$ cat my_file_22.cif   # mmCIF, C-alpha atoms and all ligand atoms; chains and numbers go by the auth columns
data_final
loop_
_atom_site.group_PDB
_atom_site.id
_atom_site.type_symbol
_atom_site.label_atom_id
_atom_site.label_comp_id
_atom_site.label_asym_id
_atom_site.label_seq_id
_atom_site.Cartn_x
_atom_site.Cartn_y
_atom_site.Cartn_z
_atom_site.B_iso_or_equiv
_atom_site.auth_seq_id
_atom_site.auth_asym_id
ATOM 1 C CA MET A 1 -6.252 1.263 3.650 0.00 1 A
ATOM 2 C CA ARG A 2 -3.835 -1.235 2.142 0.00 2 A
ATOM 3 C CA LYS A 3 -0.176 -0.846 3.102 0.00 3 A
ATOM 4 C CA PRO A 4 1.913 -1.440 -0.029 0.00 4 A
ATOM 5 C CA LEU A 5 4.333 -4.353 -0.023 0.00 5 A
ATOM 6 C CA VAL A 6 7.479 -4.505 -2.106 0.00 6 A
ATOM 7 C CA ALA A 7 9.014 -7.967 -2.120 0.00 7 A
ATOM 8 C CA GLY A 8 12.393 -8.874 -3.571 0.00 8 A
ATOM 9 C CA ASN A 9 12.550 -12.409 -4.953 0.00 9 A
ATOM 10 C CA TRP A 10 16.232 -13.232 -5.196 0.00 10 A
ATOM 11 C CA LYS A 11 15.450 -16.533 -6.965 0.00 11 A
ATOM 12 C CA MET A 12 18.508 -18.830 -7.305 0.00 12 A
ATOM 13 C CA HIS A 13 21.008 -15.985 -7.058 0.00 13 A
ATOM 14 C CA GLY A 14 23.796 -15.208 -4.653 0.00 14 A
ATOM 15 C CA LEU A 15 26.967 -16.744 -3.296 0.00 15 A
ATOM 16 C CA ARG A 16 27.741 -15.942 0.338 0.00 16 A
ATOM 17 C CA ALA A 17 29.816 -12.864 -0.465 0.00 17 A
ATOM 18 C CA ASP A 18 27.074 -11.467 -2.729 0.00 18 A
ATOM 19 C CA ILE A 19 24.494 -11.922 0.007 0.00 19 A
ATOM 20 C CA VAL A 20 26.664 -10.161 2.584 0.00 20 A
ATOM 21 C CA GLU A 21 27.075 -7.212 0.201 0.00 21 A
ATOM 22 C CA LEU A 22 23.376 -7.080 -0.656 0.00 22 A
ATOM 23 C CA VAL A 23 22.282 -7.176 2.991 0.00 23 A
ATOM 24 C CA ASP A 24 24.864 -4.540 3.846 0.00 24 A
ATOM 25 C CA GLY A 25 23.323 -2.304 1.179 0.00 25 A
ATOM 26 C CA LEU A 26 19.831 -2.985 2.506 0.00 26 A
ATOM 27 C CA ASN A 27 20.896 -2.174 6.062 0.00 27 A
ATOM 28 C CA LYS A 28 21.965 1.284 4.874 0.00 28 A
ATOM 29 C CA ALA A 29 19.086 1.859 2.460 0.00 29 A
ATOM 30 C CA ASP A 30 16.656 4.741 2.724 0.00 30 A
ATOM 31 C CA LEU A 31 13.337 2.903 2.935 0.00 31 A
ATOM 32 C CA PRO A 32 9.892 4.473 3.302 0.00 32 A
ATOM 33 C CA ASP A 33 7.885 4.022 6.516 0.00 33 A
ATOM 34 C CA ASP A 34 4.589 3.584 4.715 0.00 34 A
ATOM 35 C CA VAL A 35 5.702 0.566 2.649 0.00 35 A
ATOM 36 C CA GLU A 36 6.317 -2.950 3.889 0.00 36 A
ATOM 37 C CA VAL A 37 9.547 -4.375 2.497 0.00 37 A
ATOM 38 C CA ALA A 38 10.431 -8.069 2.311 0.00 38 A
ATOM 39 C CA VAL A 39 13.215 -10.112 0.749 0.00 39 A
ATOM 40 C CA PHE A 40 13.068 -13.745 -0.332 0.00 40 A
ATOM 41 C CA PRO A 41 16.565 -15.269 -0.334 0.00 41 A
ATOM 42 C CA PRO A 42 17.362 -18.832 -1.454 0.00 42 A
ATOM 43 C CA PHE A 43 16.781 -21.298 1.430 0.00 43 A
ATOM 44 C CA ILE A 44 20.497 -21.690 2.094 0.00 44 A
ATOM 45 C CA HIS A 45 20.845 -17.986 2.835 0.00 45 A
ATOM 46 C CA VAL A 46 17.664 -17.391 4.849 0.00 46 A
ATOM 47 C CA GLU A 47 19.267 -17.780 8.253 0.00 47 A
ATOM 48 C CA ARG A 48 22.255 -15.639 7.245 0.00 48 A
ATOM 49 C CA VAL A 49 19.978 -12.872 5.971 0.00 49 A
ATOM 50 C CA VAL A 50 17.784 -12.908 9.087 0.00 50 A
ATOM 51 C CA GLY A 51 20.922 -12.660 11.222 0.00 51 A
ATOM 52 C CA ALA A 52 22.642 -9.983 9.147 0.00 52 A
ATOM 53 C CA LEU A 53 19.692 -7.623 8.730 0.00 53 A
ATOM 54 C CA SER A 54 20.213 -5.016 11.398 0.00 54 A
ATOM 55 C CA ARG A 55 16.778 -3.471 10.929 0.00 55 A
ATOM 56 C CA SER A 56 13.384 -4.864 11.788 0.00 56 A
ATOM 57 C CA ASP A 57 11.510 -3.053 9.015 0.00 57 A
ATOM 58 C CA ILE A 58 12.691 -5.566 6.382 0.00 58 A
ATOM 59 C CA LYS A 59 10.871 -8.877 6.606 0.00 59 A
ATOM 60 C CA VAL A 60 12.203 -12.151 5.264 0.00 60 A
ATOM 61 C CA GLY A 61 10.272 -14.689 3.229 0.00 61 A
ATOM 62 C CA ALA A 62 10.967 -18.033 1.593 0.00 62 A
ATOM 63 C CA GLN A 63 10.655 -18.846 -2.083 0.00 63 A
ATOM 64 C CA ASP A 64 8.917 -22.190 -1.518 0.00 64 A
ATOM 65 C CA CYS A 65 7.886 -24.664 1.166 0.00 65 A
ATOM 66 C CA ALA A 66 7.107 -28.364 1.311 0.00 66 A
ATOM 67 C CA ILE A 67 3.587 -29.698 0.805 0.00 67 A
ATOM 68 C CA GLN A 68 3.545 -31.027 4.350 0.00 68 A
ATOM 69 C CA PRO A 69 3.783 -28.386 7.060 0.00 69 A
ATOM 70 C CA GLY A 70 5.691 -30.276 9.743 0.00 70 A
ATOM 71 C CA GLN A 71 9.046 -31.998 9.730 0.00 71 A
ATOM 72 C CA GLY A 72 9.285 -35.494 8.304 0.00 72 A
ATOM 73 C CA ALA A 73 10.751 -37.866 5.747 0.00 73 A
ATOM 74 C CA LEU A 74 10.727 -35.755 2.584 0.00 74 A
ATOM 75 C CA THR A 75 14.241 -35.657 1.186 0.00 75 A
ATOM 76 C CA GLY A 76 15.417 -32.308 -0.114 0.00 76 A
ATOM 77 C CA GLU A 77 12.354 -30.338 0.995 0.00 77 A
ATOM 78 C CA VAL A 78 12.065 -27.593 3.607 0.00 78 A
ATOM 79 C CA SER A 79 8.922 -27.403 5.711 0.00 79 A
ATOM 80 C CA ALA A 80 6.910 -24.345 6.551 0.00 80 A
ATOM 81 C CA SER A 81 7.473 -25.001 10.259 0.00 81 A
ATOM 82 C CA GLN A 82 11.251 -24.943 9.701 0.00 82 A
ATOM 83 C CA LEU A 83 10.956 -21.667 7.792 0.00 83 A
ATOM 84 C CA ARG A 84 8.800 -20.149 10.486 0.00 84 A
ATOM 85 C CA ASP A 85 11.444 -21.216 12.998 0.00 85 A
ATOM 86 C CA LEU A 86 13.928 -19.152 10.946 0.00 86 A
ATOM 87 C CA GLU A 87 11.571 -16.171 11.338 0.00 87 A
ATOM 88 C CA CYS A 88 10.198 -16.149 7.798 0.00 88 A
ATOM 89 C CA LYS A 89 6.968 -14.174 7.541 0.00 89 A
ATOM 90 C CA TYR A 90 6.010 -14.917 3.926 0.00 90 A
ATOM 91 C CA VAL A 91 6.255 -17.812 1.451 0.00 91 A
ATOM 92 C CA LEU A 92 5.928 -17.588 -2.331 0.00 92 A
ATOM 93 C CA VAL A 93 3.438 -20.107 -3.651 0.00 93 A
ATOM 94 C CA GLY A 94 2.671 -20.881 -7.301 0.00 94 A
ATOM 95 C CA HIS A 95 5.460 -18.849 -8.878 0.00 95 A
ATOM 96 C CA SER A 96 5.377 -19.441 -12.644 0.00 96 A
ATOM 97 C CA GLU A 97 8.922 -20.817 -12.595 0.00 97 A
ATOM 98 C CA ARG A 98 7.682 -23.550 -10.290 0.00 98 A
ATOM 99 C CA ARG A 99 4.401 -24.061 -12.154 0.00 99 A
ATOM 100 C CA LEU A 100 6.019 -24.231 -15.590 0.00 100 A
ATOM 101 C CA VAL A 101 9.604 -25.424 -15.110 0.00 101 A
ATOM 102 C CA LEU A 102 9.021 -27.712 -12.137 0.00 102 A
ATOM 103 C CA GLY A 103 5.497 -28.785 -13.077 0.00 103 A
ATOM 104 C CA GLU A 104 3.703 -27.761 -9.878 0.00 104 A
ATOM 105 C CA SER A 105 -0.016 -28.484 -10.143 0.00 105 A
ATOM 106 C CA ASP A 106 -2.870 -26.543 -8.581 0.00 106 A
ATOM 107 C CA GLN A 107 -3.146 -29.333 -6.011 0.00 107 A
ATOM 108 C CA VAL A 108 0.507 -28.929 -4.980 0.00 108 A
ATOM 109 C CA ILE A 109 0.073 -25.168 -4.853 0.00 109 A
ATOM 110 C CA CYS A 110 -2.985 -25.522 -2.602 0.00 110 A
ATOM 111 C CA ASP A 111 -1.091 -27.914 -0.315 0.00 111 A
ATOM 112 C CA LYS A 112 1.802 -25.450 -0.003 0.00 112 A
ATOM 113 C CA PHE A 113 -0.634 -22.593 0.627 0.00 113 A
ATOM 114 C CA VAL A 114 -2.184 -24.576 3.501 0.00 114 A
ATOM 115 C CA SER A 115 1.249 -25.548 4.843 0.00 115 A
ATOM 116 C CA ALA A 116 2.373 -21.933 4.919 0.00 116 A
ATOM 117 C CA GLN A 117 -0.727 -20.794 6.784 0.00 117 A
ATOM 118 C CA SER A 118 -0.649 -23.687 9.214 0.00 118 A
ATOM 119 C CA ALA A 119 2.856 -22.547 10.183 0.00 119 A
ATOM 120 C CA GLN A 120 1.564 -18.957 10.698 0.00 120 A
ATOM 121 C CA MET A 121 3.181 -17.647 7.541 0.00 121 A
ATOM 122 C CA ILE A 122 1.515 -15.607 4.829 0.00 122 A
ATOM 123 C CA PRO A 123 1.432 -17.174 1.367 0.00 123 A
ATOM 124 C CA VAL A 124 2.078 -14.900 -1.610 0.00 124 A
ATOM 125 C CA LEU A 125 0.026 -16.611 -4.291 0.00 125 A
ATOM 126 C CA CYS A 126 1.445 -15.926 -7.755 0.00 126 A
ATOM 127 C CA VAL A 127 -0.768 -16.017 -10.827 0.00 127 A
ATOM 128 C CA GLY A 128 -0.262 -14.965 -14.429 0.00 128 A
ATOM 129 C CA GLU A 129 -0.633 -15.892 -18.052 0.00 129 A
ATOM 130 C CA THR A 130 1.919 -16.939 -20.679 0.00 130 A
ATOM 131 C CA ARG A 131 2.514 -14.954 -23.853 0.00 131 A
ATOM 132 C CA GLU A 132 0.459 -17.461 -25.867 0.00 132 A
ATOM 133 C CA GLN A 133 -2.434 -17.186 -23.436 0.00 133 A
ATOM 134 C CA ARG A 134 -2.344 -13.377 -23.592 0.00 134 A
ATOM 135 C CA GLU A 135 -2.239 -13.406 -27.379 0.00 135 A
ATOM 136 C CA ALA A 136 -5.206 -15.780 -27.407 0.00 136 A
ATOM 137 C CA GLY A 137 -7.155 -13.334 -25.203 0.00 137 A
ATOM 138 C CA GLU A 138 -7.183 -15.754 -22.269 0.00 138 A
ATOM 139 C CA THR A 139 -5.492 -13.607 -19.617 0.00 139 A
ATOM 140 C CA PHE A 140 -8.505 -13.090 -17.338 0.00 140 A
ATOM 141 C CA GLU A 141 -9.614 -16.695 -17.741 0.00 141 A
ATOM 142 C CA VAL A 142 -6.184 -18.051 -16.750 0.00 142 A
ATOM 143 C CA VAL A 143 -5.908 -15.781 -13.732 0.00 143 A
ATOM 144 C CA ARG A 144 -9.464 -16.606 -12.646 0.00 144 A
ATOM 145 C CA GLU A 145 -8.701 -20.330 -12.914 0.00 145 A
ATOM 146 C CA GLN A 146 -5.474 -20.067 -10.903 0.00 146 A
ATOM 147 C CA LEU A 147 -7.186 -18.089 -8.143 0.00 147 A
ATOM 148 C CA GLY A 148 -10.295 -20.245 -8.390 0.00 148 A
ATOM 149 C CA ALA A 149 -8.254 -23.391 -7.743 0.00 149 A
ATOM 150 C CA VAL A 150 -7.332 -22.053 -4.297 0.00 150 A
ATOM 151 C CA ILE A 151 -10.762 -20.596 -3.572 0.00 151 A
ATOM 152 C CA ASP A 152 -12.571 -23.815 -4.563 0.00 152 A
ATOM 153 C CA ALA A 153 -10.236 -26.033 -2.549 0.00 153 A
ATOM 154 C CA LEU A 154 -9.698 -23.874 0.534 0.00 154 A
ATOM 155 C CA GLY A 155 -12.508 -21.340 0.567 0.00 155 A
ATOM 156 C CA VAL A 156 -12.289 -17.632 -0.098 0.00 156 A
ATOM 157 C CA GLN A 157 -11.583 -16.892 3.578 0.00 157 A
ATOM 158 C CA SER A 158 -8.177 -18.550 3.110 0.00 158 A
ATOM 159 C CA LEU A 159 -7.188 -15.414 1.205 0.00 159 A
ATOM 160 C CA VAL A 160 -7.812 -13.179 4.218 0.00 160 A
ATOM 161 C CA SER A 161 -4.291 -13.939 5.374 0.00 161 A
ATOM 162 C CA ALA A 162 -2.588 -14.014 1.978 0.00 162 A
ATOM 163 C CA VAL A 163 -1.164 -11.759 -0.707 0.00 163 A
ATOM 164 C CA VAL A 164 -1.789 -12.165 -4.437 0.00 164 A
ATOM 165 C CA ALA A 165 0.929 -11.395 -6.988 0.00 165 A
ATOM 166 C CA TYR A 166 0.001 -10.948 -10.631 0.00 166 A
ATOM 167 C CA GLU A 167 3.068 -11.848 -12.673 0.00 167 A
ATOM 168 C CA PRO A 168 2.529 -12.154 -16.421 0.00 168 A
ATOM 169 C CA VAL A 169 4.957 -14.891 -17.467 0.00 169 A
ATOM 170 C CA TRP A 170 5.966 -13.022 -20.622 0.00 170 A
ATOM 171 C CA ALA A 171 7.159 -10.087 -18.510 0.00 171 A
ATOM 172 C CA ILE A 172 9.344 -12.086 -16.101 0.00 172 A
ATOM 173 C CA GLY A 173 13.044 -11.580 -16.674 0.00 173 A
ATOM 174 C CA THR A 174 12.413 -10.420 -20.228 0.00 174 A
ATOM 175 C CA GLY A 175 12.642 -6.668 -19.815 0.00 175 A
ATOM 176 C CA LEU A 176 9.075 -6.515 -21.160 0.00 176 A
ATOM 177 C CA THR A 177 6.718 -4.990 -18.631 0.00 177 A
ATOM 178 C CA ALA A 178 2.946 -4.903 -18.695 0.00 178 A
ATOM 179 C CA THR A 179 1.950 -1.287 -19.197 0.00 179 A
ATOM 180 C CA PRO A 180 0.386 0.295 -16.123 0.00 180 A
ATOM 181 C CA ASP A 181 -3.018 0.065 -17.859 0.00 181 A
ATOM 182 C CA GLU A 182 -2.548 -3.592 -18.801 0.00 182 A
ATOM 183 C CA ALA A 183 -1.492 -4.487 -15.269 0.00 183 A
ATOM 184 C CA GLN A 184 -4.257 -2.393 -13.684 0.00 184 A
ATOM 185 C CA ALA A 185 -6.888 -4.151 -15.832 0.00 185 A
ATOM 186 C CA VAL A 186 -5.862 -7.556 -14.474 0.00 186 A
ATOM 187 C CA HIS A 187 -5.555 -6.310 -10.893 0.00 187 A
ATOM 188 C CA ALA A 188 -9.037 -4.781 -11.128 0.00 188 A
ATOM 189 C CA GLU A 189 -10.362 -8.068 -12.512 0.00 189 A
ATOM 190 C CA ILE A 190 -8.840 -9.984 -9.581 0.00 190 A
ATOM 191 C CA ARG A 191 -10.339 -7.546 -7.097 0.00 191 A
ATOM 192 C CA ALA A 192 -13.731 -7.742 -8.814 0.00 192 A
ATOM 193 C CA LEU A 193 -13.616 -11.524 -8.710 0.00 193 A
ATOM 194 C CA LEU A 194 -12.891 -11.456 -4.969 0.00 194 A
ATOM 195 C CA SER A 195 -15.537 -8.812 -4.408 0.00 195 A
ATOM 196 C CA GLY A 196 -18.085 -11.325 -5.680 0.00 196 A
ATOM 197 C CA TYR A 197 -17.269 -13.388 -2.575 0.00 197 A
ATOM 198 C CA SER A 198 -16.475 -10.703 -0.024 0.00 198 A
ATOM 199 C CA LYS A 199 -16.315 -6.937 -0.434 0.00 199 A
ATOM 200 C CA ASP A 200 -14.163 -6.592 2.679 0.00 200 A
ATOM 201 C CA LEU A 201 -11.632 -9.127 1.450 0.00 201 A
ATOM 202 C CA ALA A 202 -11.470 -7.483 -1.970 0.00 202 A
ATOM 203 C CA GLU A 203 -10.887 -4.110 -0.349 0.00 203 A
ATOM 204 C CA GLU A 204 -8.207 -5.345 2.033 0.00 204 A
ATOM 205 C CA ILE A 205 -6.142 -7.868 0.068 0.00 205 A
ATOM 206 C CA ARG A 206 -2.867 -6.688 -1.407 0.00 206 A
ATOM 207 C CA ILE A 207 -2.312 -7.473 -5.079 0.00 207 A
ATOM 208 C CA LEU A 208 1.296 -7.043 -6.194 0.00 208 A
ATOM 209 C CA TYR A 209 2.547 -6.693 -9.743 0.00 209 A
ATOM 210 C CA GLY A 210 5.641 -8.609 -10.864 0.00 210 A
ATOM 211 C CA GLY A 211 7.492 -8.795 -14.161 0.00 211 A
ATOM 212 C CA SER A 212 10.501 -6.624 -15.009 0.00 212 A
ATOM 213 C CA VAL A 213 9.739 -4.020 -12.336 0.00 213 A
ATOM 214 C CA LYS A 214 12.626 -1.547 -12.251 0.00 214 A
ATOM 215 C CA ALA A 215 13.481 1.807 -10.719 0.00 215 A
ATOM 216 C CA THR A 216 12.427 3.427 -13.998 0.00 216 A
ATOM 217 C CA ASN A 217 8.909 1.958 -14.251 0.00 217 A
ATOM 218 C CA ALA A 218 7.931 1.284 -10.622 0.00 218 A
ATOM 219 C CA ALA A 219 6.278 4.625 -9.828 0.00 219 A
ATOM 220 C CA GLU A 220 3.946 4.452 -12.823 0.00 220 A
ATOM 221 C CA LEU A 221 2.934 0.868 -12.059 0.00 221 A
ATOM 222 C CA PHE A 222 2.475 1.445 -8.324 0.00 222 A
ATOM 223 C CA GLY A 223 0.472 4.600 -9.039 0.00 223 A
ATOM 224 C CA MET A 224 -2.393 2.506 -10.422 0.00 224 A
ATOM 225 C CA PRO A 225 -5.332 2.177 -8.007 0.00 225 A
ATOM 226 C CA ASP A 226 -5.336 -1.628 -7.699 0.00 226 A
ATOM 227 C CA ILE A 227 -1.565 -2.210 -7.674 0.00 227 A
ATOM 228 C CA ASP A 228 -0.408 -2.470 -4.062 0.00 228 A
ATOM 229 C CA GLY A 229 3.318 -2.856 -4.619 0.00 229 A
ATOM 230 C CA GLY A 230 5.524 -5.295 -6.453 0.00 230 A
ATOM 231 C CA LEU A 231 7.242 -8.646 -6.547 0.00 231 A
ATOM 232 C CA VAL A 232 10.643 -7.777 -7.926 0.00 232 A
ATOM 233 C CA GLY A 233 13.145 -10.244 -9.362 0.00 233 A
ATOM 234 C CA GLY A 234 16.339 -9.053 -11.046 0.00 234 A
ATOM 235 C CA ALA A 235 16.156 -5.472 -9.795 0.00 235 A
ATOM 236 C CA SER A 236 15.978 -6.647 -6.173 0.00 236 A
ATOM 237 C CA LEU A 237 19.572 -7.909 -6.378 0.00 237 A
ATOM 238 C CA ASN A 238 20.841 -4.342 -6.237 0.00 238 A
ATOM 239 C CA ALA A 239 20.144 -2.610 -2.918 0.00 239 A
ATOM 240 C CA ASP A 240 20.113 0.907 -4.409 0.00 240 A
ATOM 241 C CA GLU A 241 17.710 0.019 -7.204 0.00 241 A
ATOM 242 C CA PHE A 242 15.523 -2.037 -4.873 0.00 242 A
ATOM 243 C CA SER A 243 15.264 0.794 -2.365 0.00 243 A
ATOM 244 C CA THR A 244 14.312 3.211 -5.160 0.00 244 A
ATOM 245 C CA ILE A 245 11.542 0.779 -6.126 0.00 245 A
ATOM 246 C CA CYS A 246 10.405 0.584 -2.492 0.00 246 A
ATOM 247 C CA ARG A 247 10.243 4.374 -2.268 0.00 247 A
ATOM 248 C CA ALA A 248 8.164 4.448 -5.468 0.00 248 A
ATOM 249 C CA ALA A 249 5.447 2.465 -3.636 0.00 249 A
ATOM 250 C CA GLY A 250 5.161 5.052 -0.854 0.00 250 A
ATOM 251 C CA CYS A 251 2.779 7.961 -0.300 0.00 251 A
ATOM 252 C CA LYS A 252 -0.020 6.656 -2.507 0.00 252 A
HETATM 253 P P1 LIG B . 11.901 -10.004 -12.819 0.00 301 B
HETATM 254 O O1 LIG B . 11.637 -8.762 -12.006 0.00 301 B
HETATM 255 O O2 LIG B . 13.338 -10.366 -12.921 0.00 301 B
HETATM 256 O O3 LIG B . 11.200 -9.904 -14.161 0.00 301 B
HETATM 257 O O4 LIG B . 11.207 -11.227 -12.043 0.00 301 B
HETATM 258 C C1 LIG B . 9.898 -11.114 -11.616 0.00 301 B
HETATM 259 C C2 LIG B . 9.583 -12.274 -10.758 0.00 301 B
HETATM 260 O O5 LIG B . 9.439 -13.400 -11.218 0.00 301 B
HETATM 261 C C3 LIG B . 9.485 -12.050 -9.307 0.00 301 B
HETATM 262 O O6 LIG B . 8.957 -13.152 -8.645 0.00 301 B
#
$ encode --input "my_file_22.cif" --output "structure tokens" --more "lines below"
Ligand code: 13P
Amino acid sequence: MRKPLVAGNWKMHGLRADIVELVDGLNKADLPDDVEVAVFPPFIHVERVVGALSRSDIKVGAQDCAIQPGQGALTGEVSASQLRDLECKYVLVGHSERRLVLGESDQVICDKFVSAQSAQMIPVLCVGETREQREAGETFEVVREQLGAVIDALGVQSLVSAVVAYEPVWAIGTGLTATPDEAQAVHAEIRALLSGYSKDLAEEIRILYGGSVKATNAAELFGMPDIDGGLVGGASLNADEFSTICRAAGCK
């Protein structure tokens, strides 16, 4: 039985006062017991968020980590061991904004995945196709390649302690959402691919959907059999809307 996970990726949002208000709202939110909830603040706010959350049922994650796990001479980067020290449980790896805007390669993504795990954190591996790739009928191929890069380099067992997030690039921040059927088709494909390696892994791994998830569409998306929760961007910046989304993932 997979416990759903709803993760709020705050991206590069939030001045200190905004973060205080958001965490205050989360502290008071009505969250379901049968859903795991996590928030991913910008690095500069991680420690503040960990300290200000008065409840232990909301986990904190980081949006990125350095390619090398330990501390060292790598100006501007933050290591997985430093994030673990701040009590981060999860790390996003391979988000499309980092793949496409910041040019992260599969090699870099694999290195960050390893770093996260070596610091006892759980990587959330993001995959997804662009609009052009979808229109060219390449969605499954792209997703298979992105997952395959990690499986080939690190072995399929590396996914035992990981989460996968399917985020179609064309749906991120655009207000366009994959329909529940479109999203389910890709999630089922990912699970089938993993099942070819290990039936247990395929059955147990959580596959989140991301891309314009909102209070109004979350229940339909999360109702699909292979969608185990969501990776939420814009809508996670509002505690009321985010908690509605979290509740939509419950009682499956
Ligand atoms: P939006 O929910 O704003 O579309 O962002 C999705 C996302 O990229 C989460 O990582």
$ axis_aligned_box --input "my_file_22.cif" --around "ligand LIG 301 (chain B)" --padding-each-side "5 Å" --output "AutoDock Vina command-line options"
--center_x 11.1 --center_y -11.1 --center_z -11.4 --size_x 14.4 --size_y 14.6 --size_z 15.5
$ resolve_selection --input "my_file_22.cif" --expression "the PyMOL selection byres (((not hetatm)) within 7 of (chain B and resi 301))" --output "PDB file with C-alpha atoms, in the frame of the given file"
ATOM      1  CA  ASN A   9      12.550 -12.409  -4.953  1.00  0.00           C
ATOM      2  CA  HIS A  95       5.460 -18.849  -8.878  1.00  0.00           C
ATOM      3  CA  GLU A 167       3.068 -11.848 -12.673  1.00  0.00           C
ATOM      4  CA  ALA A 171       7.159 -10.087 -18.510  1.00  0.00           C
ATOM      5  CA  ILE A 172       9.344 -12.086 -16.101  1.00  0.00           C
ATOM      6  CA  GLY A 173      13.044 -11.580 -16.674  1.00  0.00           C
ATOM      7  CA  THR A 174      12.413 -10.420 -20.228  1.00  0.00           C
ATOM      8  CA  GLY A 175      12.642  -6.668 -19.815  1.00  0.00           C
ATOM      9  CA  GLY A 210       5.641  -8.609 -10.864  1.00  0.00           C
ATOM     10  CA  GLY A 211       7.492  -8.795 -14.161  1.00  0.00           C
ATOM     11  CA  SER A 212      10.501  -6.624 -15.009  1.00  0.00           C
ATOM     12  CA  VAL A 213       9.739  -4.020 -12.336  1.00  0.00           C
ATOM     13  CA  LEU A 231       7.242  -8.646  -6.547  1.00  0.00           C
ATOM     14  CA  VAL A 232      10.643  -7.777  -7.926  1.00  0.00           C
ATOM     15  CA  GLY A 233      13.145 -10.244  -9.362  1.00  0.00           C
ATOM     16  CA  GLY A 234      16.339  -9.053 -11.046  1.00  0.00           C
ATOM     17  CA  ALA A 235      16.156  -5.472  -9.795  1.00  0.00           C
TER      18      ALA A 235
END
$ atom_distance --input "my_file_22.cif" --atom1 "atom CA of A:Gly25" --atom2 "atom CA of A:Ser54"
11.0 Å
$ atom_distance --input "my_file_22.cif" --atom1 "atom CA of A:Thr244" --atom2 "atom CA of A:Asp30"
8.4 Å
$ resolve_selection --input "my_file_22.cif" --expression "the PyMOL selection byres (((chain A and resi 183-199) around 8) and not hetatm)" --output "list in words"
Thr139, Phe140, Val143, Arg144, Val156, Tyr166, Ala178, Thr179, Pro180, Asp181, Glu182, Asp200, Leu201, Ala202, Glu203, Ile207, Tyr209, Leu221, Met224, Pro225, Asp226 and Ile227 of chain A
$ residues_around --input "my_file_22.cif" --residues "A:Ser79" --least-positions-apart "5" --cutoff "8 Å" --atoms "all atoms listed in the file" --output "list in words"
Cys65, Ala66, Ile67, Gln68, Pro69, Gly70, Gln71 and Ser115 of chain A
$ closest_residue --input "my_file_22.cif" --among "A:Asp85, A:Glu129, A:Asp57, A:Asp64" --to "A:Phe43" --atoms "only C-alpha atoms"
A:Asp64
$ atom_distance --input "my_file_22.cif" --atom1 "atom CA of A:Arg2" --atom2 "atom CA of A:Val150"
22.1 Å
$ closest_residue --input "my_file_22.cif" --among "A:Glu104, A:Glu47, A:Asp24, A:Glu138" --to "A:Cys88" --atoms "all atoms listed in the file"
A:Glu47
$ resolve_selection --input "my_file_22.cif" --expression "the PyMOL selection byres (((chain A and resi 84) around 10) and not hetatm)" --output "list in words"
Gly61, Ala62, Ser79, Ala80, Ser81, Gln82, Leu83, Asp85, Leu86, Glu87, Cys88, Lys89, Tyr90, Val91, Ala116, Ala119, Gln120 and Met121 of chain A
